[in-house]
Amino acid sequence: MRKLVRIMKEKEHQSIEWKESWHDEYLKWICGYANAYGGTIYIGTDDDSNVVGIDNARDLLERIPNKITDTMGIIADVNLL
């Protein structure tokens, strides 16, 4: 739990993005991360890193990795915190 609290206090920067909901246009960010030094997108958080939650988390845990693999041919870690 300590690790999660520490992570959630980080600010947005070049390799961290906070997004309130998933949109397929975020695949562009993932592609950019894959071509650079990596990064993390937190879905269900506002721009100030406050957790707002999402209703379809379990569905996204299946859909997002499939979209990443289908569009870019790479495997990405997708986790529920």
# chains A, B, ... in the order shown; residues from 1 in each chain; ligands from 1
$ select_by_dssp --residues "chain A" --states "strand (DSSP E or B)" --output "MDAnalysis selection string"
chainID A and resid 13 16:19 40:43 45 51
$ residues_around --residues "range 75-81 of chain A" --least-positions-apart "5" --cutoff "7 Å" --atoms "only C-alpha atoms" --output "list in words"
Leu61, Pro65, Ile68 and Thr69 of chain A
$ closest_residue --among "A:Ser21, A:Thr40, A:Asn66, A:Thr71" --to "Ile54 in chain A" --atoms "only C-alpha atoms"
A:Ser21
$ closest_residue --among "A:Val52, A:Leu60, A:Ile16, A:Ile74" --to "Gly39 in chain A" --atoms "only C-alpha atoms"
A:Ile16
$ closest_residue --among "A:Asp46, A:Lys11, A:Met72, A:Gly53" --to "Gly32 in chain A" --atoms "only C-alpha atoms"
A:Met72
$ select_by_dssp --residues "chain A" --states "alpha helix (DSSP H)" --output "VMD selection string"
chain A and resid 2 to 8 27 to 35 57 to 72
$ closest_residue --among "A:Ala36, A:Ala57, A:Ile64, A:Val51" --to "Gln14 in chain A" --atoms "only C-alpha atoms"
A:Ala36
$ atom_distance --atom1 "CA of Ile43 in chain A" --atom2 "CA of Lys19 in chain A"
4.9 Å
$ closest_residue --among "A:Glu10, A:Asp47, A:Ser15, A:Glu20" --to "Tyr33 in chain A" --atoms "only C-alpha atoms"
A:Ser15
$ closest_residue --among "A:Asp55, A:Glu62, A:Asp70, A:Glu17" --to "Gly38 in chain A" --atoms "only C-alpha atoms"
A:Glu17
$ atom_distance --atom1 "CA of Ile30 in chain A" --atom2 "CA of Lys67 in chain A"
10.8 Å
